[in-house]
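Trainee: Questions regarding the structure given below will be posed in turn.
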Amino acid sequence: MKEFIGILRRFVPPYKKYLALNVLFNILSAILNIFSFALIMPILQILFKIQESSYVFIPWNSDLSFKDIAVNNFYYYVTCLIEQYGASTTLLFLGLFLAVMTFFKTACYFLSSATLIPIRTGVVRDIRTQMYNKILELPIGFFSEERKGDIIARMSGDINEIENSIMSSLDMLFKNPILICCYFGALIALSWQLTLFTVTVLPLMGWIMGKVGKKLKRKSLAAQNQWSDLMSQVEETLGGLRIIKAFIAEKKMSHRFLQSNNLYRNTISRVNTRQQLAHPMSEFLGTLLIVFVLWFGGTLILNNNGGIEAPTFIYYLVILYSVINPLKEFSKAGYNIPKGLASMERVDKILMAENKMPIAKSPQSIEVFKEKIELRNVSFKYDTKWVLKDINLTIEKGKTIALVGQSGSGKSTLVDLIPRYHDVQEGEVLIDGINIKNTTFQDLRSIMGNVNQEAILFNDTFYNNIAFGVENATLEQVMEAAKIANAHEFIMASENGYDTMIGDRGGKLSGGQRQRVSIARAILKNPPILILDEATSALDTESERMVQDALEKLMENRTTIAIAHRLSTIRHADEICVLHEGRIVERGKHDELLALDGYYKRLCDMQQMK
């Protein structure tokens with residue numbers, strides 16, 4: 001319960017007005033319910049003529065208790081109606097009054113439920129939005145340790161479970177306590193002896209319900225983790241379909257998925273079985289309570305020592321039965337909430353994740369790039385193994401620096417440090433003398449543009465992909481950028497021109513087309529610093545020529561850091577740095593490095609470059 005209250009304290013405050021209305025309508029609903037059922041007593045008196053007593057009006061300021069005065073005067077007015085209109089007509093009046101009271105009661109009940117809907121849907125929306133924003137906020141390194149399928153499962157399955165389990169149980173906290181307090185107040189007013197007996201029996205039944213649902217949260221957490229495994233497998237399958245088919249591994253993948261699916265099914269079956277036990281058990285225990293009260297109250301009436309009459313006892317049972325329903329909801333919530341708490345625990349792993357790349361409290365502004373980029377004594381590691389060691393590199397404005405080396409030598413890691421996708425463990429990265437840790441991500445990344453080996457595009461139009469990250473870009477500006485990137489012709493040849501959807505990750509385009517759209521996006525941003533991460537390595541010769549031409553136009557008058565496997569693309573760089581096992585082992589121009597007859601020469605020989 002403490003965890004449940006904690007979740008509400010975090011997310012419910014923005015919806016206080018709906019909460020206040022909910023409490024108001026619940027109070028009205030309970031009061032109207034009590035008084036509408038009070039009409040049962042005079043109706044029974046009329047139907048069965050249980051007593052023929054005559055009543056005299058008692059002033060409200062007399063010395064008798066309010067309960068005695070109210071009951072007496074109520075019967076006085078009923079007898080007056082019988083004398084004036086007859087028993088049958090009075091019965092009709094009471095029935096109509098009961099219908100009106102029931103109408104207002106049900107209206108208040110509906111309004112109390114309706115005011116919970118904005119809270120329920122709003123809280124779930126807020127959790128989903130906070131989680132998405134947290135994903136955007138966390139550094140890239142955080143997600144290298146997480147599976148994408150698991151993140152998707154938390155955004156979908158876990159948040160849906162929070163809605164279905166925790167938010168659907170808001171009645172437990174906001175409605176049921178009000179109803180129970182009001183109903184128990186009426187029960188005490190009717191017969192304190194019967195109510196004392198009822199309160200004595202209830203804790204035992206609550207203990208039984210709690211005992212049965214004790215292990216539900218642990219089982220639910222296991223089920224949600226298994227669901228994440230399933231989603232991860234689906235995500236991996238979608239991303240690797242080409243390889244699966246190429247290696248005829250469909251049966252292997254299907255068997256692997258079936259095992260995980262069966263494991264999830266068995267776990268969730270046990271969770272749901274235990275959850276479904278809530279209603280029948282609460283129904284049985286509620287009936288058992290009624291039986292005990294019926295026996296105890298009947299004994300009091302038969303022995304004439306309970307201070308309660310038969311019609312009042314029937315009214316008491318009706319109110320008691322009204323109490324049982326909110327008590328059932330408590331037991332049901334006792335089963336539902338642990339499932340939601342297990343999901344909230346998984347969601348909080350994202351929401352509460354520590355951002356290990358904080359922004360300085362008083363950041364320095366970098367509005368324009370003026371002089372140079374410096375890496376001073378930079379060393380970096382992901383876990384325990386150093387990926388970069390003692391890197392010293394100065395990149396003057398307007399120069400092109402190329403990074404080459406074997407796979408795993410640290411090239412991509414080095415360029416990822418400049419836009420601060422990762423933070424260095426030793427040394428510092430400076431732009432115009434300002435440590436990048438002392439500026440904002442907005443300032444830092446606004447002066448940089450990226451073109452990666454894998455063109456990262458979105459399932460949107462050509463226009464929106466090129467204009468991505470540039471506010472209020474006009475169609476003319478987008479078209480000009482596409483022309484420079486050699487992309488305008490194939491875009492105009494598509495079905496709807498710049499309004500054509502390009503598919504998931506640009507799946508409707510060839511590799512060269514995707515890369516040219518990516519270059520057009522960088523051209524439109526017009527950054528002073530350009531990072532090229534093996535932008536042509538995955539292309540055929542013709543596509544490479546067109547992309548290389550677009551890149552040369554993009555690189556004009558910019559500071560460029562380029563990673564290249566195909567050394568022919570960077571032979572005219574102002575400086576080439578050769579990385580080996582995390583260190584810069586050679587640096588210089590193309591001809592100078594060839595003359596050294598070292599690592600660079602061997603790389604060139606392997607590519608048969610002359």
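So you can find residues: chains in the structure tokens are A, B, ... in the order shown, residues in each start at 1, and ligands are numbered from 1 in order.
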What's the 8 Å shell around stretch 340-348 of chain A, counting only C-alpha atoms, without same-chain residues fewer than 5 positions away, as a list in words?
Mentor: Glu3, Phe4, Met131, Arg154, Met155, Asp158, Ile159, Glu161, Ile162, Glu163, Asn164, Ser165, Ile166, Lys217, Arg218, Ser220, Leu221, Gln224 and Ala353 of chain A
Trainee: As a ChimeraX atom specification, please: the residues near A:Asn526 (cut-off 8 Å, only C-alpha atoms, same-chain neighbours under 3 positions excluded).
Mentor: /A:449,522-523
Trainee: Measuring between only C-alpha atoms, which one of A:Trp192, A:Tyr75, A:Tyr109, A:Phe490 shows the shortest distance to A:Asn26?
Mentor: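 Closest to A:Asn26, using only C-alpha atoms: A:Tyr109.
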Trainee: Excluding same-chain residues fewer than 4 positions from A:Ile319, what lies within 12 Å of it counting only C-alpha atoms, as a ChimeraX atom specification?
Mentor: /A:30-31,33-38,40,179-191,195,290,312-315,323-326
Trainee: Separation of atom CA of A:Leu111 and atom CA of A:Leu96, in Å?
Mentor: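 Atom-to-atom, atom CA of A:Leu111 to atom CA of A:Leu96, that is 22.6 Å.
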